[in-house]
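Note sheet for the following structure.
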Amino acid sequence: MLVQRADAHFSEDRPRYWKQQTHIAERELNEAKDNLAQKRAAARPGDRPPATEASRRVQKMEGRLRDCQLKQKQAKAWSIEISHQCDQLLGPLADVAEHCELLLPAAANELRKLITELEKYAEQGKRAP
C-alpha cells in the first residue's frame with residue numbers, strides 16, 4: 001500500500017500540483033502585464049509615471065512561470081521513473097508477502113508436528129528398558 005501511495009503521489013499529485021501552479025503563474029503574469037500596460041498608457045508621454053515596480057513584477061512573474069513549467073516537466077519525468085521503480089518493487093514484495101502469509105505459517109505448522117512427534121519418540125525411549 002505504501003508503494004501504491006508513493007506511486008500515486010509522484011504520478012498524480014505532483015504533476016497535478018505543478019500544472020495548477022503553472023496556470024496560476026500564467027494568470028498572475030497576464031495580470032502583471034496588464035497592470036504594466038495600464039501604467040504605461042495612463043499618462044501622456046511627457047508625464048509618464050515610472051512603472052518600475054510593475055515592470056519588476058512582470059519579470060518576477062515570468063521567472064515564476066518558467067520555474068513552474070520546469071517543475072511540471074520534472075514532475076512528469078519523475079512520475080515515469082517512480083512508476084517504473086514501483087513496478088519493479090511490487091514483484092519481489094508480492095513474493096515476500098506470499099512467504100509471510102502462506103509459506104512461513106505452513107512451515108511453522110509442519111515444524112510443530114515434527115516437534116510433537118520427536119517428543120513422543122523421546123517419551124517412548126525413556127520408557128523402554
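Letters A, B, ... mark the chains of the C-alpha cells in the order given; residue numbers begin at 1 per chain; ligand numbers begin at 1, in order shown.
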**OP:** Tell me which protein, DNA and RNA residues are within 10 Å of Ile24 of chain A, counting only C-alpha atoms, leaving out same-chain ones fewer than 6 positions away, and put them as a list of chain:residue names.
**Re:** A:Trp18, A:Asn30, A:Arg64, A:Leu65, A:Cys68
Keeping only all heavy atoms, write the selected residues to a file as a CSV table (one decimal), in the first residue's frame.
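Okay, this is what ended up in selection-v6.csv:
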```csv
chain,number,residue,atom,x,y,z
A,18,TRP,N,1.8,20.9,-10.0
A,18,TRP,CA,2.6,21.9,-10.8
A,18,TRP,C,1.8,22.3,-12.0
A,18,TRP,O,2.1,23.5,-12.5
A,18,TRP,CB,4.0,21.2,-11.2
A,18,TRP,CG,4.9,21.2,-10.0
A,18,TRP,CD1,5.3,20.2,-9.3
A,18,TRP,CD2,5.4,22.4,-9.3
A,18,TRP,NE1,6.1,20.6,-8.2
A,18,TRP,CE2,6.1,22.0,-8.2
A,18,TRP,CE3,5.3,23.8,-9.6
A,18,TRP,CZ2,6.8,22.8,-7.4
A,18,TRP,CZ3,5.9,24.6,-8.7
A,18,TRP,CH2,6.7,24.2,-7.6
A,30,ASN,N,-0.2,37.4,-16.7
A,30,ASN,CA,-1.1,38.2,-17.5
A,30,ASN,C,-1.6,39.5,-16.8
A,30,ASN,O,-1.7,40.6,-17.3
A,30,ASN,CB,-2.2,37.4,-18.1
A,30,ASN,CG,-1.8,36.4,-19.1
A,30,ASN,OD1,-0.8,36.6,-19.8
A,30,ASN,ND2,-2.5,35.3,-19.2
A,64,ARG,N,8.7,33.1,-12.3
A,64,ARG,CA,7.9,32.1,-11.6
A,64,ARG,C,7.3,31.1,-12.6
A,64,ARG,O,7.2,29.9,-12.4
A,64,ARG,CB,6.8,32.8,-10.8
A,64,ARG,CG,6.0,31.8,-10.0
A,64,ARG,CD,5.0,32.5,-9.0
A,64,ARG,NE,4.4,31.5,-8.1
A,64,ARG,CZ,3.4,30.7,-8.4
A,64,ARG,NH1,2.9,30.7,-9.6
A,64,ARG,NH2,2.9,29.9,-7.5
A,65,LEU,N,6.8,31.7,-13.7
A,65,LEU,CA,6.2,30.8,-14.7
A,65,LEU,C,7.2,29.9,-15.3
A,65,LEU,O,6.9,28.7,-15.4
A,65,LEU,CB,5.6,31.7,-15.9
A,65,LEU,CG,5.0,30.9,-17.0
A,65,LEU,CD1,3.9,30.0,-16.6
A,65,LEU,CD2,4.5,31.9,-18.1
A,68,CYS,N,7.8,27.2,-12.7
A,68,CYS,CA,6.6,26.2,-12.7
A,68,CYS,C,6.6,25.3,-13.9
A,68,CYS,O,6.4,24.1,-13.7
A,68,CYS,CB,5.3,27.0,-12.6
A,68,CYS,SG,5.0,27.8,-11.0
```
Subject >> Best match for closeness to Glu81 of chain A among A:Ala106, A:Ala37, A:Leu118, A:Ala6, counting only C-alpha atoms >> reply: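 Checking each candidate against Glu81 of chain A, we get A:Ala6 as the closest.
Residues with any atom within 12 Å of Asn35 of chain A, counting only C-alpha atoms and excluding same-chain neighbours fewer than 2 positions away, are Glu28, Leu29, Asn30, Glu31, Ala32, Lys33, Ala37, Gln38, Lys39, Arg40, Ala41, Ala42, Ala51, Thr52, Glu53, Ala54, Ser55, Arg56, Arg57 and Val58 of chain A.
Counting from atom CA of Val3 of chain A, the distance to atom CA of Ile82 of chain A is 9.7 Å.
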Original post:
Nearest to His23 of chain A: which of A:Gln59, A:Gln88, A:Ser79, A:Gln69 is it, counting only C-alpha atoms?
Top reply: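 Nearest to His23 of chain A: A:Gln69.
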**OP:** For atom CA of His9 of chain A and atom CA of Asp67 of chain A, quote the distance in Å rounded to one decimal.
**Re:**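 Interatomic distance, atom CA of His9 of chain A to atom CA of Asp67 of chain A: 20.2 Å.
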**OP:** Excluding Leu89 of chain A and any residue of its chain fewer than 6 positions from it, enumerate the residues within 12 Å of it, using only C-alpha atoms, and give them as a PyMOL selection string.
**Re:** chain A and resi 1-4+6-7+82-83+95-96
Deliver the residues from the most recent selection as a file, using all heavy atoms, as a PDB file, in the first residue's frame.
```pdb
ATOM      1  N   MET A   1       0.820  -1.179   0.000  1.00  0.00           N
ATOM      2  CA  MET A   1       0.000   0.000   0.000  1.00  0.00           C
ATOM      3  C   MET A   1       0.876   1.260   0.000  1.00  0.00           C
ATOM      4  O   MET A   1       0.531   2.241  -0.659  1.00  0.00           O
ATOM      5  CB  MET A   1      -0.917  -0.015   1.220  1.00  0.00           C
ATOM      6  CG  MET A   1      -2.006   0.989   1.116  1.00  0.00           C
ATOM      7  SD  MET A   1      -3.555   0.483   1.856  1.00  0.00           S
ATOM      8  CE  MET A   1      -3.329   0.957   3.532  1.00  0.00           C
ATOM      9  N   LEU A   2       1.979   1.229   0.707  1.00  0.00           N
ATOM     10  CA  LEU A   2       2.889   2.370   0.725  1.00  0.00           C
ATOM     11  C   LEU A   2       3.485   2.626  -0.657  1.00  0.00           C
ATOM     12  O   LEU A   2       3.650   3.779  -1.067  1.00  0.00           O
ATOM     13  CB  LEU A   2       4.005   2.153   1.740  1.00  0.00           C
ATOM     14  CG  LEU A   2       3.594   2.204   3.208  1.00  0.00           C
ATOM     15  CD1 LEU A   2       4.760   1.819   4.106  1.00  0.00           C
ATOM     16  CD2 LEU A   2       3.086   3.575   3.569  1.00  0.00           C
ATOM     17  N   VAL A   3       3.791   1.556  -1.362  1.00  0.00           N
ATOM     18  CA  VAL A   3       4.335   1.696  -2.716  1.00  0.00           C
ATOM     19  C   VAL A   3       3.287   2.336  -3.619  1.00  0.00           C
ATOM     20  O   VAL A   3       3.602   3.231  -4.415  1.00  0.00           O
ATOM     21  CB  VAL A   3       4.780   0.327  -3.274  1.00  0.00           C
ATOM     22  CG1 VAL A   3       5.182   0.424  -4.729  1.00  0.00           C
ATOM     23  CG2 VAL A   3       5.927  -0.229  -2.443  1.00  0.00           C
ATOM     24  N   GLN A   4       2.048   1.918  -3.480  1.00  0.00           N
ATOM     25  CA  GLN A   4       0.978   2.493  -4.296  1.00  0.00           C
ATOM     26  C   GLN A   4       0.745   3.965  -3.953  1.00  0.00           C
ATOM     27  O   GLN A   4       0.496   4.783  -4.837  1.00  0.00           O
ATOM     28  CB  GLN A   4      -0.316   1.690  -4.122  1.00  0.00           C
ATOM     29  CG  GLN A   4      -0.217   0.321  -4.739  1.00  0.00           C
ATOM     30  CD  GLN A   4      -1.386  -0.572  -4.381  1.00  0.00           C
ATOM     31  OE1 GLN A   4      -2.128  -0.307  -3.436  1.00  0.00           O
ATOM     32  NE2 GLN A   4      -1.544  -1.658  -5.130  1.00  0.00           N
ATOM     33  N   ALA A   6       3.058   6.035  -2.776  1.00  0.00           N
ATOM     34  CA  ALA A   6       4.203   6.766  -3.335  1.00  0.00           C
ATOM     35  C   ALA A   6       4.027   6.942  -4.839  1.00  0.00           C
ATOM     36  O   ALA A   6       4.270   8.029  -5.379  1.00  0.00           O
ATOM     37  CB  ALA A   6       5.506   6.024  -3.032  1.00  0.00           C
ATOM     38  N   ASP A   7       3.585   5.900  -5.498  1.00  0.00           N
ATOM     39  CA  ASP A   7       3.354   5.975  -6.941  1.00  0.00           C
ATOM     40  C   ASP A   7       2.290   7.028  -7.254  1.00  0.00           C
ATOM     41  O   ASP A   7       2.465   7.856  -8.148  1.00  0.00           O
ATOM     42  CB  ASP A   7       2.940   4.602  -7.477  1.00  0.00           C
ATOM     43  CG  ASP A   7       2.900   4.546  -8.992  1.00  0.00           C
ATOM     44  OD1 ASP A   7       3.578   5.366  -9.651  1.00  0.00           O
ATOM     45  OD2 ASP A   7       2.189   3.670  -9.522  1.00  0.00           O
ATOM     46  N   ILE A  82       9.416   6.940 -11.113  1.00  0.00           N
ATOM     47  CA  ILE A  82       8.858   6.357  -9.892  1.00  0.00           C
ATOM     48  C   ILE A  82       7.916   5.199 -10.236  1.00  0.00           C
ATOM     49  O   ILE A  82       7.942   4.157  -9.570  1.00  0.00           O
ATOM     50  CB  ILE A  82       8.124   7.426  -9.054  1.00  0.00           C
ATOM     51  CG1 ILE A  82       9.122   8.452  -8.506  1.00  0.00           C
ATOM     52  CG2 ILE A  82       7.326   6.806  -7.927  1.00  0.00           C
ATOM     53  CD1 ILE A  82      10.129   7.914  -7.505  1.00  0.00           C
ATOM     54  N   SER A  83       7.098   5.364 -11.269  1.00  0.00           N
ATOM     55  CA  SER A  83       6.201   4.271 -11.678  1.00  0.00           C
ATOM     56  C   SER A  83       7.005   3.035 -12.064  1.00  0.00           C
ATOM     57  O   SER A  83       6.647   1.907 -11.675  1.00  0.00           O
ATOM     58  CB  SER A  83       5.329   4.698 -12.855  1.00  0.00           C
ATOM     59  OG  SER A  83       4.388   5.633 -12.451  1.00  0.00           O
ATOM     60  N   ASP A  95       6.235 -11.603  -3.590  1.00  0.00           N
ATOM     61  CA  ASP A  95       6.867 -12.862  -3.174  1.00  0.00           C
ATOM     62  C   ASP A  95       7.069 -12.903  -1.665  1.00  0.00           C
ATOM     63  O   ASP A  95       6.809 -13.922  -1.017  1.00  0.00           O
ATOM     64  CB  ASP A  95       8.214 -13.051  -3.880  1.00  0.00           C
ATOM     65  CG  ASP A  95       8.060 -13.310  -5.372  1.00  0.00           C
ATOM     66  OD1 ASP A  95       6.942 -13.671  -5.805  1.00  0.00           O
ATOM     67  OD2 ASP A  95       9.059 -13.144  -6.097  1.00  0.00           O
ATOM     68  N   VAL A  96       7.543 -11.804  -1.091  1.00  0.00           N
ATOM     69  CA  VAL A  96       7.749 -11.734   0.360  1.00  0.00           C
ATOM     70  C   VAL A  96       6.416 -11.893   1.082  1.00  0.00           C
ATOM     71  O   VAL A  96       6.319 -12.617   2.081  1.00  0.00           O
ATOM     72  CB  VAL A  96       8.451 -10.411   0.752  1.00  0.00           C
ATOM     73  CG1 VAL A  96       8.432 -10.205   2.257  1.00  0.00           C
ATOM     74  CG2 VAL A  96       9.879 -10.393   0.241  1.00  0.00           C
TER      75      VAL A  96
END
```
Original post:
Which residue out of A:Gly125, A:Asp87, A:Gln21, A:Ser11 has the minimum interatomic distance to Leu70 of chain A when only C-alpha atoms are used?
Top reply: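 Going through A:Gly125, A:Asp87, A:Gln21, A:Ser11 one by one, the smallest distance to Leu70 of chain A is for A:Gln21.
Note that atom CA of Ala8 of chain A and atom CA of Gln72 of chain A are 15.7 Å apart.
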Original post:
When DSSP works through the backbone of this structure, what residues of chain A end up as alpha helix (DSSP H), shown as a PyMOL selection string?
Top reply: chain A and resi 2-8+14-42+52-98+104-127
Residues from last step as file, C-alpha atoms, as a tab-separated table (two decimals), in the first residue's frame:
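The new file part03.tsv reads:
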```
chain	number	residue	atom	x	y	z
A	2	LEU	CA	2.89	2.37	0.72
A	3	VAL	CA	4.33	1.70	-2.72
A	4	GLN	CA	0.98	2.49	-4.30
A	5	ARG	CA	0.71	5.70	-2.27
A	6	ALA	CA	4.20	6.77	-3.33
A	7	ASP	CA	3.35	5.98	-6.94
A	8	ALA	CA	0.13	8.00	-6.73
A	14	ARG	CA	2.84	16.29	-8.02
A	15	PRO	CA	2.07	16.66	-11.75
A	16	ARG	CA	-1.40	17.97	-10.90
A	17	TYR	CA	0.06	20.43	-8.37
A	18	TRP	CA	2.62	21.85	-10.81
A	19	LYS	CA	0.05	22.04	-13.61
A	20	GLN	CA	-2.18	24.06	-11.28
A	21	GLN	CA	0.75	26.27	-10.22
A	22	THR	CA	1.63	26.84	-13.90
A	23	HIS	CA	-1.92	28.03	-14.60
A	24	ILE	CA	-1.78	30.34	-11.58
A	25	ALA	CA	1.59	31.71	-12.70
A	26	GLU	CA	0.25	32.31	-16.22
A	27	ARG	CA	-2.75	34.17	-14.82
A	28	GLU	CA	-0.56	36.27	-12.49
A	29	LEU	CA	1.82	37.08	-15.36
A	30	ASN	CA	-1.07	38.23	-17.54
A	31	GLU	CA	-2.38	40.38	-14.68
A	32	ALA	CA	1.09	41.87	-14.14
A	33	LYS	CA	1.45	42.61	-17.87
A	34	ASP	CA	-2.00	44.24	-17.94
A	35	ASN	CA	-1.09	46.35	-14.91
A	36	LEU	CA	2.18	47.42	-16.56
A	37	ALA	CA	0.40	48.31	-19.80
A	38	GLN	CA	-2.17	50.36	-17.90
A	39	LYS	CA	0.55	52.29	-16.05
A	40	ARG	CA	2.40	52.98	-19.29
A	41	ALA	CA	-0.78	54.10	-21.09
A	42	ALA	CA	-2.29	56.08	-18.20
A	52	THR	CA	9.50	50.28	-12.36
A	53	GLU	CA	7.58	48.32	-9.75
A	54	ALA	CA	5.12	46.98	-12.32
A	55	SER	CA	8.00	46.07	-14.63
A	56	ARG	CA	9.76	44.20	-11.81
A	57	ARG	CA	6.54	42.34	-11.05
A	58	VAL	CA	6.29	41.24	-14.70
A	59	GLN	CA	9.89	39.98	-14.56
A	60	LYS	CA	9.20	38.19	-11.27
A	61	MET	CA	6.07	36.53	-12.69
A	62	GLU	CA	7.95	35.49	-15.85
A	63	GLY	CA	10.56	33.83	-13.64
A	64	ARG	CA	7.89	32.10	-11.59
A	65	LEU	CA	6.19	30.85	-14.74
A	66	ARG	CA	9.50	29.44	-16.05
A	67	ASP	CA	10.10	27.75	-12.69
A	68	CYS	CA	6.62	26.23	-12.65
A	69	GLN	CA	6.99	24.98	-16.22
A	70	LEU	CA	10.34	23.43	-15.36
A	71	LYS	CA	8.89	21.78	-12.24
A	72	GLN	CA	5.97	20.50	-14.30
A	73	LYS	CA	8.36	18.85	-16.78
A	74	GLN	CA	10.44	17.42	-13.94
A	75	ALA	CA	7.30	16.08	-12.24
A	76	LYS	CA	6.39	14.22	-15.45
A	77	ALA	CA	9.89	12.75	-15.69
A	78	TRP	CA	9.86	11.72	-12.03
A	79	SER	CA	6.40	10.24	-12.50
A	80	ILE	CA	7.69	7.88	-15.17
A	81	GLU	CA	10.77	6.92	-13.14
A	82	ILE	CA	8.86	6.36	-9.89
A	83	SER	CA	6.20	4.27	-11.68
A	84	HIS	CA	8.96	2.13	-13.18
A	85	GLN	CA	10.67	1.67	-9.81
A	86	CYS	CA	7.38	0.86	-8.07
A	87	ASP	CA	6.57	-1.76	-10.70
A	88	GLN	CA	9.98	-3.35	-10.17
A	89	LEU	CA	9.46	-3.35	-6.40
A	90	LEU	CA	5.95	-4.82	-6.38
A	91	GLY	CA	7.02	-8.22	-7.79
A	92	PRO	CA	9.53	-9.02	-5.06
A	93	LEU	CA	7.19	-7.60	-2.42
A	94	ALA	CA	4.45	-9.93	-3.60
A	95	ASP	CA	6.87	-12.86	-3.17
A	96	VAL	CA	7.75	-11.73	0.36
A	97	ALA	CA	4.06	-11.33	1.21
A	98	GLU	CA	3.34	-14.83	-0.08
A	104	LEU	CA	6.01	-19.48	6.76
A	105	PRO	CA	2.80	-20.42	8.64
A	106	ALA	CA	2.72	-23.74	6.80
A	107	ALA	CA	6.36	-24.38	7.67
A	108	ALA	CA	5.66	-23.46	11.31
A	109	ASN	CA	2.78	-25.96	11.43
A	110	GLU	CA	4.98	-28.66	9.91
A	111	LEU	CA	7.74	-27.91	12.41
A	112	ARG	CA	5.22	-28.06	15.29
A	113	LYS	CA	4.10	-31.50	14.09
A	114	LEU	CA	7.71	-32.71	13.84
A	115	ILE	CA	8.48	-31.45	17.35
A	116	THR	CA	5.40	-33.23	18.69
A	117	GLU	CA	6.47	-36.46	17.00
A	118	LEU	CA	10.02	-36.13	18.37
A	119	GLU	CA	8.67	-35.53	21.87
A	120	LYS	CA	6.55	-38.69	21.56
A	121	TYR	CA	9.57	-40.61	20.36
A	122	ALA	CA	11.69	-39.30	23.25
A	123	GLU	CA	8.97	-40.35	25.72
A	124	GLN	CA	8.93	-43.86	24.29
A	125	GLY	CA	12.72	-44.04	24.53
A	126	LYS	CA	12.57	-43.20	28.25
A	127	ARG	CA	10.02	-45.95	28.95
```
